[in-house]
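Source file: entry.cif (mmCIF, C-alpha atoms and all ligand atoms)
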data_work
loop_
_atom_site.label_atom_id
_atom_site.label_comp_id
_atom_site.auth_asym_id
_atom_site.auth_seq_id
_atom_site.Cartn_x
_atom_site.Cartn_y
_atom_site.Cartn_z
CA MET A 21 0.40 14.64 -11.56
CA ARG A 22 -0.25 11.48 -13.56
CA ARG A 23 -3.67 10.05 -14.36
CA ILE A 24 -3.95 6.46 -15.60
CA LYS A 25 -7.12 4.96 -16.95
CA VAL A 26 -7.97 1.35 -16.21
CA ARG A 27 -10.20 0.41 -19.14
CA LEU A 28 -12.87 -2.08 -18.15
CA GLY A 29 -15.98 -0.91 -19.99
CA ASP A 30 -18.55 0.59 -17.65
CA ARG A 31 -16.34 -0.32 -14.68
CA SER A 32 -13.42 1.79 -15.91
CA TYR A 33 -11.72 4.01 -13.38
CA ASP A 34 -8.79 6.36 -12.90
CA ILE A 35 -5.61 5.96 -10.91
CA VAL A 36 -4.25 9.34 -9.83
CA VAL A 37 -0.60 9.64 -8.79
CA LYS A 38 0.16 13.03 -7.29
CA PRO A 39 2.68 14.07 -4.62
CA GLY A 40 0.88 16.05 -1.92
CA LEU A 41 -2.54 14.68 -2.92
CA LEU A 42 -3.44 13.70 0.63
CA SER A 43 -2.07 16.75 2.44
CA ASN A 44 -3.50 19.36 0.06
CA GLY A 45 -7.10 19.31 1.27
CA GLY A 46 -9.58 17.75 -1.14
CA LEU A 47 -8.95 14.37 -2.71
CA GLY A 48 -10.66 15.27 -5.97
CA ILE A 49 -13.30 12.57 -5.71
CA SER A 50 -16.23 14.64 -4.42
CA ASP A 51 -18.31 13.37 -7.38
CA ILE A 52 -17.88 9.81 -6.10
CA ILE A 53 -18.49 10.74 -2.47
CA THR A 54 -21.38 13.28 -2.73
CA ASP A 55 -23.91 12.78 0.03
CA ARG A 56 -22.74 9.28 0.71
CA LYS A 57 -21.70 7.62 3.89
CA CYS A 58 -18.06 6.49 3.86
CA LEU A 59 -16.40 3.87 5.98
CA ILE A 60 -12.61 4.11 6.03
CA VAL A 61 -10.96 0.71 6.55
CA SER A 62 -7.36 1.18 7.65
CA ASP A 63 -4.82 -0.23 10.08
CA GLU A 64 -3.72 1.35 13.35
CA ASN A 65 -0.28 2.47 12.07
CA VAL A 66 -1.60 4.17 8.99
CA TYR A 67 -4.75 5.60 10.52
CA LYS A 68 -2.74 7.23 13.28
CA ILE A 69 -0.67 9.15 10.72
CA TYR A 70 -3.13 9.84 7.90
CA GLY A 71 -6.64 9.06 9.17
CA THR A 72 -7.80 12.52 10.15
CA LEU A 73 -6.33 14.03 7.00
CA ILE A 74 -8.18 11.57 4.78
CA ALA A 75 -11.45 11.91 6.67
CA LYS A 76 -11.26 15.68 6.08
CA GLY A 77 -10.15 15.29 2.47
CA LEU A 78 -13.18 13.14 1.67
CA GLY A 79 -15.15 16.36 1.93
CA ALA A 80 -18.31 14.70 3.20
CA ASP A 81 -20.04 15.81 6.41
CA ALA A 82 -18.07 14.64 9.40
CA GLU A 83 -20.85 12.40 10.70
CA ASP A 84 -20.97 10.63 7.35
CA VAL A 85 -17.34 9.49 7.59
CA THR A 86 -16.55 6.70 10.06
CA HIS A 87 -13.58 4.41 10.34
CA ILE A 88 -12.28 1.11 11.58
CA ALA A 89 -8.54 0.57 12.16
CA LEU A 90 -7.35 -3.05 12.10
CA GLN A 91 -4.33 -4.43 13.86
CA PRO A 92 -1.46 -4.04 11.38
CA GLY A 93 -0.29 -7.16 9.58
CA GLU A 94 -1.37 -10.16 7.56
CA ARG A 95 -3.15 -11.78 10.51
CA SER A 96 -5.96 -9.27 10.20
CA LYS A 97 -6.72 -10.53 6.70
CA ARG A 98 -9.26 -13.13 7.78
CA LEU A 99 -12.98 -13.79 7.70
CA SER A 100 -13.65 -12.94 11.34
CA MET A 101 -12.34 -9.45 10.61
CA VAL A 102 -14.62 -9.17 7.59
CA GLU A 103 -17.55 -9.94 9.87
CA ARG A 104 -16.42 -7.26 12.32
CA ILE A 105 -16.32 -4.73 9.51
CA TYR A 106 -19.82 -5.77 8.33
CA HIS A 107 -21.12 -5.12 11.86
CA LYS A 108 -19.41 -1.74 11.95
CA ALA A 109 -20.85 -0.83 8.53
CA LEU A 110 -24.35 -1.85 9.63
CA ALA A 111 -24.05 0.08 12.90
CA ASP A 112 -22.91 3.16 10.98
CA GLY A 113 -25.87 2.87 8.61
CA LEU A 114 -23.98 2.15 5.37
CA GLU A 115 -26.37 1.53 2.50
CA ARG A 116 -26.18 0.29 -1.10
CA SER A 117 -25.06 3.75 -2.21
CA SER A 118 -22.31 4.07 0.44
CA ILE A 119 -18.56 3.88 -0.11
CA VAL A 120 -15.82 1.83 1.51
CA VAL A 121 -12.44 3.59 1.48
CA ALA A 122 -9.34 1.41 1.88
CA LEU A 123 -6.51 3.36 3.47
CA GLY A 124 -3.24 1.49 3.97
CA GLY A 125 -1.17 -1.32 2.51
CA GLY A 126 -2.36 -4.45 0.79
CA VAL A 127 -3.91 -5.88 3.92
CA PRO A 128 -6.54 -3.17 4.50
CA GLY A 129 -6.89 -2.91 0.69
CA ASP A 130 -7.67 -6.60 0.14
CA ILE A 131 -10.01 -6.89 3.10
CA ALA A 132 -11.85 -3.59 2.48
CA GLY A 133 -12.30 -4.57 -1.16
CA PHE A 134 -13.81 -7.89 -0.15
CA VAL A 135 -16.18 -6.14 2.27
CA ALA A 136 -17.20 -3.71 -0.50
CA ALA A 137 -17.72 -6.60 -2.93
CA THR A 138 -20.07 -8.44 -0.60
CA TYR A 139 -21.76 -5.87 1.66
CA MET A 140 -25.37 -5.60 0.46
CA ARG A 141 -24.26 -7.50 -2.67
CA GLY A 142 -21.64 -4.93 -3.52
CA ILE A 143 -21.07 -1.24 -2.81
CA GLY A 144 -18.65 1.42 -4.04
CA PHE A 145 -14.99 1.23 -3.16
CA VAL A 146 -12.06 3.66 -3.27
CA GLN A 147 -8.42 2.68 -2.77
CA ILE A 148 -5.90 4.97 -1.06
CA PRO A 149 -2.79 2.74 -0.99
CA THR A 150 0.00 3.84 1.35
CA SER A 151 2.64 1.10 1.03
CA LEU A 152 4.75 0.83 -2.12
CA LEU A 153 3.46 -2.70 -2.67
CA ALA A 154 -0.14 -1.52 -2.51
CA MET A 155 0.60 1.43 -4.84
CA VAL A 156 2.21 -0.64 -7.59
CA ASP A 157 0.43 -3.92 -7.18
CA SER A 158 -2.43 -4.76 -4.84
CA SER A 159 -4.57 -1.63 -5.28
CA VAL A 160 -4.69 -2.07 -9.06
CA GLY A 161 -6.60 -4.85 -10.72
CA GLY A 162 -9.57 -5.58 -8.49
CA LYS A 163 -8.42 -8.72 -6.69
CA THR A 164 -9.82 -8.66 -3.17
CA GLY A 165 -9.98 -11.26 -0.44
CA VAL A 166 -8.81 -12.86 2.77
CA ASP A 167 -6.62 -15.73 3.94
CA MET A 168 -7.72 -19.05 5.40
CA PRO A 169 -5.74 -21.21 7.83
CA GLU A 170 -5.23 -23.53 4.83
CA GLY A 171 -3.55 -20.86 2.70
CA LYS A 172 -3.33 -17.24 1.58
CA ASN A 173 -5.96 -15.45 -0.51
CA LEU A 174 -8.20 -18.52 -0.79
CA ILE A 175 -11.45 -16.60 -0.35
CA GLY A 176 -12.14 -13.54 -2.43
CA SER A 177 -13.70 -11.80 -5.32
CA PHE A 178 -12.88 -9.54 -8.24
CA TRP A 179 -14.21 -6.11 -7.36
CA GLN A 180 -12.93 -3.00 -9.09
CA PRO A 181 -12.58 0.28 -7.19
CA LYS A 182 -14.17 3.51 -8.41
CA ALA A 183 -10.84 5.31 -8.05
CA VAL A 184 -7.29 4.74 -6.82
CA LEU A 185 -5.60 7.75 -5.19
CA ILE A 186 -1.84 7.60 -4.74
CA ASP A 187 0.29 10.15 -2.92
CA PRO A 188 3.97 9.07 -3.17
CA GLU A 189 4.82 11.42 -0.28
CA VAL A 190 3.37 8.96 2.24
CA LEU A 191 6.33 6.69 1.44
CA ALA A 192 8.34 9.00 3.71
CA THR A 193 6.81 7.27 6.75
CA LEU A 194 6.96 3.73 5.36
CA PRO A 195 9.56 1.55 7.13
CA PRO A 196 12.53 0.74 4.80
CA LYS A 197 11.76 -2.97 4.94
CA GLU A 198 8.26 -2.32 3.60
CA LEU A 199 9.73 -0.20 0.81
CA ARG A 200 11.86 -3.17 -0.33
CA CYS A 201 8.78 -5.31 -0.30
CA GLY A 202 7.34 -3.13 -3.07
CA LEU A 203 10.65 -2.81 -4.93
CA ALA A 204 10.72 -6.54 -5.74
CA GLU A 205 7.45 -6.13 -7.66
CA VAL A 206 8.71 -2.88 -9.27
CA VAL A 207 11.72 -4.69 -10.76
CA LYS A 208 9.35 -7.42 -11.92
CA TYR A 209 7.43 -4.96 -14.14
CA GLY A 210 10.65 -3.88 -15.83
CA VAL A 211 11.72 -7.43 -16.57
CA ILE A 212 8.38 -8.65 -17.84
CA MET A 213 7.23 -5.63 -19.83
CA ASP A 214 9.52 -2.63 -20.19
CA ALA A 215 13.28 -2.61 -20.83
CA GLU A 216 13.45 1.19 -20.75
CA PHE A 217 11.79 1.24 -17.34
CA PHE A 218 14.28 -1.39 -16.14
CA GLU A 219 17.09 0.92 -17.22
CA LEU A 220 15.48 3.83 -15.38
CA LEU A 221 15.57 1.70 -12.22
CA GLU A 222 19.23 0.82 -12.80
CA ASN A 223 20.04 4.53 -13.11
CA ASN A 224 18.14 5.58 -9.99
CA VAL A 225 18.99 3.07 -7.28
CA GLY A 226 20.09 5.76 -4.79
CA LYS A 227 16.92 7.75 -5.32
CA LEU A 228 14.76 4.66 -5.00
CA LEU A 229 16.29 3.86 -1.65
CA GLY A 230 16.03 7.59 -0.75
CA PRO A 231 13.08 7.62 -1.23
CA ASP A 232 13.00 10.42 -3.81
CA MET A 233 9.43 11.53 -4.51
CA ALA A 234 9.97 12.71 -8.10
CA VAL A 235 11.45 9.35 -9.09
CA TYR A 236 8.71 7.48 -7.25
CA THR A 237 5.98 9.47 -8.98
CA LYS A 238 7.38 8.26 -12.32
CA VAL A 239 8.01 4.72 -11.13
CA ILE A 240 4.61 4.20 -9.49
CA ALA A 241 2.75 5.70 -12.45
CA ARG A 242 4.60 3.42 -14.89
CA CYS A 243 3.93 0.30 -12.80
CA CYS A 244 0.23 1.20 -12.58
CA GLU A 245 0.14 1.83 -16.33
CA LEU A 246 1.69 -1.57 -17.03
CA LYS A 247 -0.56 -3.42 -14.62
CA ALA A 248 -3.61 -1.53 -15.93
CA GLU A 249 -2.71 -2.57 -19.48
CA VAL A 250 -2.54 -6.23 -18.45
CA VAL A 251 -5.72 -6.11 -16.35
CA SER A 252 -7.69 -4.35 -19.10
CA LYS A 253 -6.84 -7.20 -21.47
CA ASP A 254 -7.34 -10.03 -18.96
CA GLU A 255 -9.27 -9.04 -15.85
CA ARG A 256 -9.93 -12.58 -14.58
CA GLU A 257 -6.47 -14.08 -15.15
CA SER A 258 -7.39 -16.44 -17.93
CA GLY A 259 -4.26 -15.70 -19.95
CA LEU A 260 -2.03 -12.63 -20.15
CA ARG A 261 -2.43 -11.65 -16.48
CA ALA A 262 -0.32 -14.70 -15.61
CA ILE A 263 2.81 -12.78 -16.62
CA LEU A 264 2.43 -10.82 -13.38
CA ASN A 265 3.28 -14.09 -11.66
CA TYR A 266 6.86 -13.93 -12.95
CA GLY A 267 9.14 -15.37 -10.25
CA HIS A 268 6.11 -16.29 -8.17
CA THR A 269 5.97 -20.05 -8.85
CA PHE A 270 9.46 -20.33 -7.34
CA ALA A 271 8.57 -17.73 -4.68
CA HIS A 272 5.48 -19.57 -3.47
CA ALA A 273 7.53 -22.77 -3.21
CA ILE A 274 10.21 -20.96 -1.19
CA GLU A 275 7.54 -19.56 1.13
CA LYS A 276 5.98 -22.97 1.51
CA VAL A 277 9.12 -25.02 2.23
CA SER A 278 10.42 -22.39 4.62
CA GLY A 279 7.15 -22.57 6.54
CA PHE A 280 6.00 -19.02 5.62
CA GLU A 281 7.95 -17.60 8.56
CA GLY A 282 11.42 -18.03 7.04
CA TYR A 283 11.00 -15.94 3.90
CA PRO A 284 8.73 -12.93 3.62
CA HIS A 285 6.99 -12.64 0.25
CA TRP A 286 9.26 -9.92 -1.15
CA GLU A 287 12.44 -11.86 -0.38
CA ALA A 288 10.96 -14.98 -1.92
CA VAL A 289 9.94 -13.03 -5.04
CA ALA A 290 13.43 -11.57 -5.50
CA VAL A 291 15.09 -14.99 -5.19
CA GLY A 292 12.26 -16.50 -7.29
CA MET A 293 12.91 -14.06 -10.14
CA ASN A 294 16.58 -14.96 -10.07
CA MET A 295 15.67 -18.67 -10.23
CA ALA A 296 13.28 -18.10 -13.14
CA ALA A 297 15.93 -16.13 -15.04
CA ARG A 298 18.60 -18.77 -14.36
CA TYR A 299 16.19 -21.45 -15.55
CA GLY A 300 15.82 -19.40 -18.74
CA VAL A 301 19.60 -19.23 -19.16
CA PHE A 302 20.02 -22.99 -18.67
CA LYS A 303 17.30 -23.65 -21.24
CA GLY A 304 18.89 -21.28 -23.76
CA ILE A 305 15.89 -18.92 -23.64
CA LEU A 306 17.62 -15.98 -21.94
CA ASP A 307 21.18 -14.68 -22.31
CA LYS A 308 23.35 -14.83 -19.20
CA ARG A 309 24.12 -11.11 -19.32
CA SER A 310 20.43 -10.23 -18.86
CA ALA A 311 20.10 -12.63 -15.92
CA ASP A 312 23.20 -11.05 -14.36
CA ARG A 313 21.75 -7.56 -14.89
CA GLN A 314 18.56 -8.52 -13.07
CA GLU A 315 20.53 -10.11 -10.24
CA LYS A 316 22.71 -7.01 -9.88
CA LEU A 317 19.76 -4.60 -9.77
CA LEU A 318 17.93 -6.68 -7.18
CA ASP A 319 21.09 -6.84 -5.09
CA ARG A 320 21.77 -3.10 -5.29
CA LEU A 321 18.20 -2.46 -4.12
CA GLY A 322 18.88 -4.53 -1.01
CA LEU A 323 16.88 -7.54 -2.14
CA PRO A 324 18.17 -11.08 -1.66
CA VAL A 325 19.14 -12.99 -4.80
CA LYS A 326 20.20 -16.23 -3.15
CA ALA A 327 18.53 -18.38 -0.55
CA VAL A 328 19.88 -20.49 2.26
CA GLY A 329 18.91 -24.01 3.23
CA LEU A 330 16.32 -24.89 0.62
CA ASP A 331 15.84 -28.48 -0.40
CA PRO A 332 15.30 -28.52 -4.20
CA GLU A 333 13.25 -31.73 -4.08
CA SER A 334 10.83 -30.25 -1.54
CA MET A 335 10.67 -27.10 -3.65
CA ILE A 336 9.54 -29.13 -6.67
CA GLU A 337 6.98 -30.91 -4.56
CA ALA A 338 5.69 -27.57 -3.28
CA MET A 339 5.50 -26.22 -6.83
CA SER A 340 3.52 -29.21 -7.98
CA SER A 341 0.84 -28.51 -5.38
CA ASP A 342 0.62 -24.85 -6.41
CA LYS A 343 -2.96 -23.98 -7.41
CA LYS A 344 -1.81 -23.06 -10.93
CA VAL A 345 -0.34 -26.46 -11.77
CA ARG A 346 -2.19 -28.88 -14.04
CA ASP A 347 -1.21 -32.53 -14.65
CA GLY A 348 2.26 -32.19 -13.17
CA VAL A 349 3.25 -29.69 -15.86
CA LEU A 350 4.63 -26.47 -14.42
CA ASN A 351 3.96 -23.10 -15.98
CA PHE A 352 6.91 -20.76 -15.77
CA ILE A 353 7.01 -17.19 -16.92
CA ILE A 354 10.49 -16.79 -18.36
CA PRO A 355 12.06 -13.68 -19.91
CA ASP A 356 13.70 -14.07 -23.30
CA ARG A 357 15.24 -10.65 -22.80
CA ILE A 358 14.81 -7.79 -20.32
CA GLY A 359 11.34 -6.38 -21.03
CA ARG A 360 9.69 -9.43 -22.54
CA VAL A 361 8.48 -12.77 -21.15
CA SER A 362 6.68 -15.82 -22.42
CA MET A 363 4.91 -18.73 -20.81
CA ASN A 364 6.89 -21.97 -20.66
CA LYS A 365 5.22 -25.25 -19.86
CA THR A 366 7.68 -27.79 -18.56
CA ALA A 367 8.16 -30.98 -16.62
CA ASP A 368 11.96 -30.70 -16.79
CA ARG A 369 12.90 -31.43 -13.18
CA LYS A 370 16.62 -31.53 -13.84
CA THR A 371 16.86 -27.95 -15.10
CA ILE A 372 14.52 -26.70 -12.37
CA ILE A 373 16.79 -28.22 -9.75
CA LYS A 374 19.83 -26.72 -11.46
CA ALA A 375 18.19 -23.27 -11.39
CA ILE A 376 17.30 -23.61 -7.71
CA LYS A 377 20.84 -24.70 -6.87
CA ALA A 378 22.30 -21.78 -8.81
CA CYS A 379 20.46 -19.43 -6.45
CA MET A 380 21.57 -20.98 -3.18
CA VAL A 381 24.51 -20.04 -1.02
N1 LIG A 401 -4.98 -7.77 -4.42
C1 LIG A 401 -3.85 -7.99 -5.06
O1 LIG A 401 -3.80 -8.01 -6.29
C2 LIG A 401 -2.59 -8.20 -4.27
C3 LIG A 401 -1.35 -8.18 -4.92
C4 LIG A 401 -0.19 -8.31 -4.15
C5 LIG A 401 -0.29 -8.46 -2.77
N2 LIG A 401 -1.51 -8.48 -2.17
C6 LIG A 401 -1.65 -8.60 -0.71
O2 LIG A 401 -1.08 -7.44 -0.12
C7 LIG A 401 -0.72 -7.76 1.23
C8 LIG A 401 0.63 -7.15 1.55
O3 LIG A 401 0.55 -5.75 1.40
P1 LIG A 401 1.52 -4.78 2.22
O4 LIG A 401 2.90 -5.25 2.06
O5 LIG A 401 1.16 -3.41 1.84
O6 LIG A 401 1.10 -5.12 3.72
P2 LIG A 401 0.42 -4.27 4.91
O7 LIG A 401 -0.88 -3.73 4.48
O8 LIG A 401 0.43 -5.16 6.08
O9 LIG A 401 1.44 -3.04 5.13
C9 LIG A 401 2.74 -3.30 5.57
C10 LIG A 401 3.08 -2.48 6.82
O10 LIG A 401 3.34 -1.14 6.45
C11 LIG A 401 2.58 -0.24 7.26
N3 LIG A 401 2.31 0.94 6.43
C12 LIG A 401 1.66 0.98 5.24
N4 LIG A 401 1.74 2.21 4.72
C13 LIG A 401 2.44 2.97 5.57
C14 LIG A 401 2.88 4.33 5.57
N5 LIG A 401 2.67 5.14 4.53
N6 LIG A 401 3.58 4.78 6.64
C15 LIG A 401 3.86 3.95 7.68
N7 LIG A 401 3.51 2.66 7.73
C16 LIG A 401 2.81 2.17 6.68
C17 LIG A 401 1.38 -1.04 7.69
O11 LIG A 401 0.84 -0.53 8.89
C18 LIG A 401 1.98 -2.42 7.88
O12 LIG A 401 2.58 -2.52 9.14
C19 LIG A 401 -0.73 -9.27 1.32
O13 LIG A 401 -1.85 -9.66 2.09
C20 LIG A 401 -0.88 -9.74 -0.12
O14 LIG A 401 -1.59 -10.94 -0.23
C21 LIG A 401 -2.65 -8.35 -2.90
ZN ZN A 402 4.00 -10.77 -5.28
#

So that I can check it, write out the structure of this file as structure tokens.
Ligand SMILES: NC(=O)c1ccc[n+]([C@@H]2O[C@H](COP(=O)([O-])OP(=O)(O)OC[C@H]3O[C@@H](n4cnc5c(N)ncnc54)[C@H](O)[C@@H]3O)[C@@H](O)[C@H]2O)c1
Ligand SMILES: [Zn+2]
Amino acid sequence: MRRIKVRLGDRSYDIVVKPGLLSNGGLGISDIITDRKCLIVSDENVYKIYGTLIAKGLGADAEDVTHIALQPGERSKRLSMVERIYHKALADGLERSSIVVALGGGVPGDIAGFVAATYMRGIGFVQIPTSLLAMVDSSVGGKTGVDMPEGKNLIGSFWQPKAVLIDPEVLATLPPKELRCGLAEVVKYGVIMDAEFFELLENNVGKLLGPDMAVYTKVIARCCELKAEVVSKDERESGLRAILNYGHTFAHAIEKVSGFEGYPHWEAVAVGMNMAARYGVFKGILDKRSADRQEKLLDRLGLPVKAVGLDPESMIEAMSSDKKVRDGVLNFIIPDRIGRVSMNKTADRKTIIKAIKACMV
């Protein structure tokens, strides 16, 4: 078992990573749950497999635990669904002292967190992430919210959970495509913060695709530790937290120009990291060998490293309308070696285009 502390003063909390945590009876959070009503927010896929187990594991009286299972997928992450959950919570008698439990991937996690942040001006919240992406990324750090027709994650709030409970064994039921979705972010942590961890990934590709639970326990715990370190220093993304956006400026542009249907986020992030690294090489910031190493690892994990049919000019235009751009100057997170990145402000269109072209087939 691994326990990671997210240090945020009186809002500090623990992330527990333990194989078998969900199937072994109690969840170890009875102190958080005591005598409180709990509403589990999940999706239909996940609730069908793990719902009853979690409801039991919460240890509260059965009538105090209710649930709502959303339709799986990003489309559920919208305001009308938030309203439905508010109605459910009111009907079930949730009060200021009650707890919302998010059970599932990033979609139930983000939406449940937003409900918890706003219901009666904020109630307790526990995360039980079940997708790899949610385990290593979305359940840690307190960003919650929903999408608007105008764009993703435009409405939301920072709201920290009281605990994050991770059982790597649930990855056994996660579809392989969803596993890859988390792996892109896993590689990202190695490149931006931890060369040794990157090497561990290189040496365990087979087990990662397995998925091998012992390796995942290590990998998930390390990712959570790294994200917790960043979030503790910069909760509201006013500085350091931006490094978590490595590859994402390119990725968001890829998603945008391909109309959001062409490239799922994880594919765009993998290609985006390759573009960011190539940009670094062309600028003399990163050595080519390191960029090649990243490309090779992504490829071995079944992630795309090149894109098809992107128009570099439209990509630049899309990047310039990214919410993080100021005065036409783009902020890129670029590694100077595996395990370390820095922020690069640039308006160098020529090199950006060269980097995009280097990652096209
Ligand atoms: N809050 C943050 O900091 C943050 C960070 C990154 C991403 N996100 C958000 O996360 C969302 C994506 O998360 P996601 O990829 O987990 O999506 P998701 O919640 O839609 O889950 C993906 C699919 O996997 C299924 N699933 C999940 N766990 C399973 C399991 N153990 N067994 C079987 N099926 C399982 C789900 O039913 C769903 O079909 C996006 O909305 C994104 O914006 C948030
Ligand atoms: Zn991402």

Shell of 6 Å around segment 290-292 of chain A, all atoms listed in the file, local chain residues under 4 positions omitted, as a list of chain:residue names: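 The residues that qualify are A:Ala204, A:Gly267, A:Phe270, A:Ala271, A:Val325, A:Lys326.
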
As a count of residues only, please: the residues near Leu191 of chain A (cut-off 9 Å, all atoms listed in the file, same-chain neighbours under 4 positions excluded). 8

Counting only C-alpha atoms and all ligand atoms, which protein, DNA or RNA residues come within 9 Å of ligand ZN 402 (chain A), given as a list in words?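 Listed by chain and ascending number, the contacts are Leu153, Asp157, Ser158, Cys201, Gly202, Ala204, Glu205, Leu264, Asn265, Tyr266, Gly267, His268, Ala271, His285, Trp286, Ala288 and Val289 of chain A.
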
Using only the atoms of ligand LIG 401 (chain A) listed in the file, plus 4 Å on each side, state the axis-aligned box centre and edge lengths in Å rounded to one decimal, as JSON.
{"center_x": -0.6, "center_y": -2.9, "center_z": 1.4, "size_x": 16.8, "size_y": 24.1, "size_z": 23.4}

Select, from A:Leu321, A:Val146, A:Leu220, A:Val328, the residue with the minimum atom-to-atom distance to Val235 of chain A, counting only C-alpha atoms.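 Checking each candidate against Val235 of chain A, we get A:Leu220 as the closest.
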
For ligand LIG 401 (chain A), collect every residue having any atom at a distance of at most 8 Å from a ligand atom (counting all atoms listed in the file); output as a compact mmCIF listing (two decimals) with C-alpha atoms, keeping the file's coordinate frame.
# COMPACT_ATOMS: atom_id res chain seq x y z
CA ASP A 63 -4.82 -0.23 10.08
CA GLU A 64 -3.72 1.35 13.35
CA ASN A 65 -0.28 2.47 12.07
CA VAL A 66 -1.60 4.17 8.99
CA ILE A 69 -0.67 9.15 10.72
CA PRO A 92 -1.46 -4.04 11.38
CA GLY A 93 -0.29 -7.16 9.58
CA GLU A 94 -1.37 -10.16 7.56
CA LYS A 97 -6.72 -10.53 6.70
CA GLY A 124 -3.24 1.49 3.97
CA GLY A 125 -1.17 -1.32 2.51
CA GLY A 126 -2.36 -4.45 0.79
CA VAL A 127 -3.91 -5.88 3.92
CA PRO A 128 -6.54 -3.17 4.50
CA GLY A 129 -6.89 -2.91 0.69
CA ASP A 130 -7.67 -6.60 0.14
CA PRO A 149 -2.79 2.74 -0.99
CA THR A 150 0.00 3.84 1.35
CA SER A 151 2.64 1.10 1.03
CA LEU A 152 4.75 0.83 -2.12
CA LEU A 153 3.46 -2.70 -2.67
CA ALA A 154 -0.14 -1.52 -2.51
CA ASP A 157 0.43 -3.92 -7.18
CA SER A 158 -2.43 -4.76 -4.84
CA SER A 159 -4.57 -1.63 -5.28
CA VAL A 160 -4.69 -2.07 -9.06
CA GLY A 161 -6.60 -4.85 -10.72
CA GLY A 162 -9.57 -5.58 -8.49
CA LYS A 163 -8.42 -8.72 -6.69
CA THR A 164 -9.82 -8.66 -3.17
CA GLY A 165 -9.98 -11.26 -0.44
CA VAL A 166 -8.81 -12.86 2.77
CA ASP A 167 -6.62 -15.73 3.94
CA LYS A 172 -3.33 -17.24 1.58
CA ASN A 173 -5.96 -15.45 -0.51
CA VAL A 190 3.37 8.96 2.24
CA LEU A 191 6.33 6.69 1.44
CA ALA A 192 8.34 9.00 3.71
CA THR A 193 6.81 7.27 6.75
CA LEU A 194 6.96 3.73 5.36
CA PRO A 195 9.56 1.55 7.13
CA GLU A 198 8.26 -2.32 3.60
CA CYS A 201 8.78 -5.31 -0.30
CA GLY A 202 7.34 -3.13 -3.07

Could you give me, as a PyMOL selection string, the residues within 12 Å of Met293 of chain A, counting only C-alpha atoms and dropping anything in the same chain fewer than 5 positions from it? chain A and resi 204-212+264-272+274+286-288+298-300+311-315+317-318+323-327+352-355+361+375-376+379

Who sits within 6 Å of Val37 of chain A, only C-alpha atoms, same chain under 5 positions skipped, as a list in words: Met21, Arg22, Ile186 and Asp187 of chain A

Store the residues of this selection in a file with C-alpha atoms, as a PDB file, in the coordinates of the input.
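Saved to part32.pdb:
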ATOM      1  CA  MET A  21       0.400  14.640 -11.560  1.00  0.00           C
ATOM      2  CA  ARG A  22      -0.250  11.480 -13.560  1.00  0.00           C
ATOM      3  CA  ILE A 186      -1.840   7.600  -4.740  1.00  0.00           C
ATOM      4  CA  ASP A 187       0.290  10.150  -2.920  1.00  0.00           C
TER       5      ASP A 187
END

So that I can check the surroundings of Ile88 of chain A, please list as a PDB file with C-alpha atoms, in the coordinates of the input every protein, DNA and RNA residue that reaches within 9 Å of it, counting all atoms listed in the file and ignoring chain neighbours fewer than 2 positions away.
ATOM      1  CA  LEU A  59     -16.400   3.870   5.980  1.00  0.00           C
ATOM      2  CA  ILE A  60     -12.610   4.110   6.030  1.00  0.00           C
ATOM      3  CA  VAL A  61     -10.960   0.710   6.550  1.00  0.00           C
ATOM      4  CA  SER A  62      -7.360   1.180   7.650  1.00  0.00           C
ATOM      5  CA  ASP A  63      -4.820  -0.230  10.080  1.00  0.00           C
ATOM      6  CA  GLU A  64      -3.720   1.350  13.350  1.00  0.00           C
ATOM      7  CA  TYR A  67      -4.750   5.600  10.520  1.00  0.00           C
ATOM      8  CA  THR A  86     -16.550   6.700  10.060  1.00  0.00           C
ATOM      9  CA  LEU A  90      -7.350  -3.050  12.100  1.00  0.00           C
ATOM     10  CA  ILE A 105     -16.320  -4.730   9.510  1.00  0.00           C
ATOM     11  CA  LYS A 108     -19.410  -1.740  11.950  1.00  0.00           C
TER      12      LYS A 108
END

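With atom CA of Lys253 of chain A on one side and atom CA of Val120 of chain A on the other, the separation reads 26.3 Å.
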
For the atom pair atom CA of Leu28 of chain A and atom CA of Leu174 of chain A, what is the interatomic distance in Å to one decimal place?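 About the pair atom CA of Leu28 of chain A and atom CA of Leu174 of chain A: they are 24.4 Å apart.
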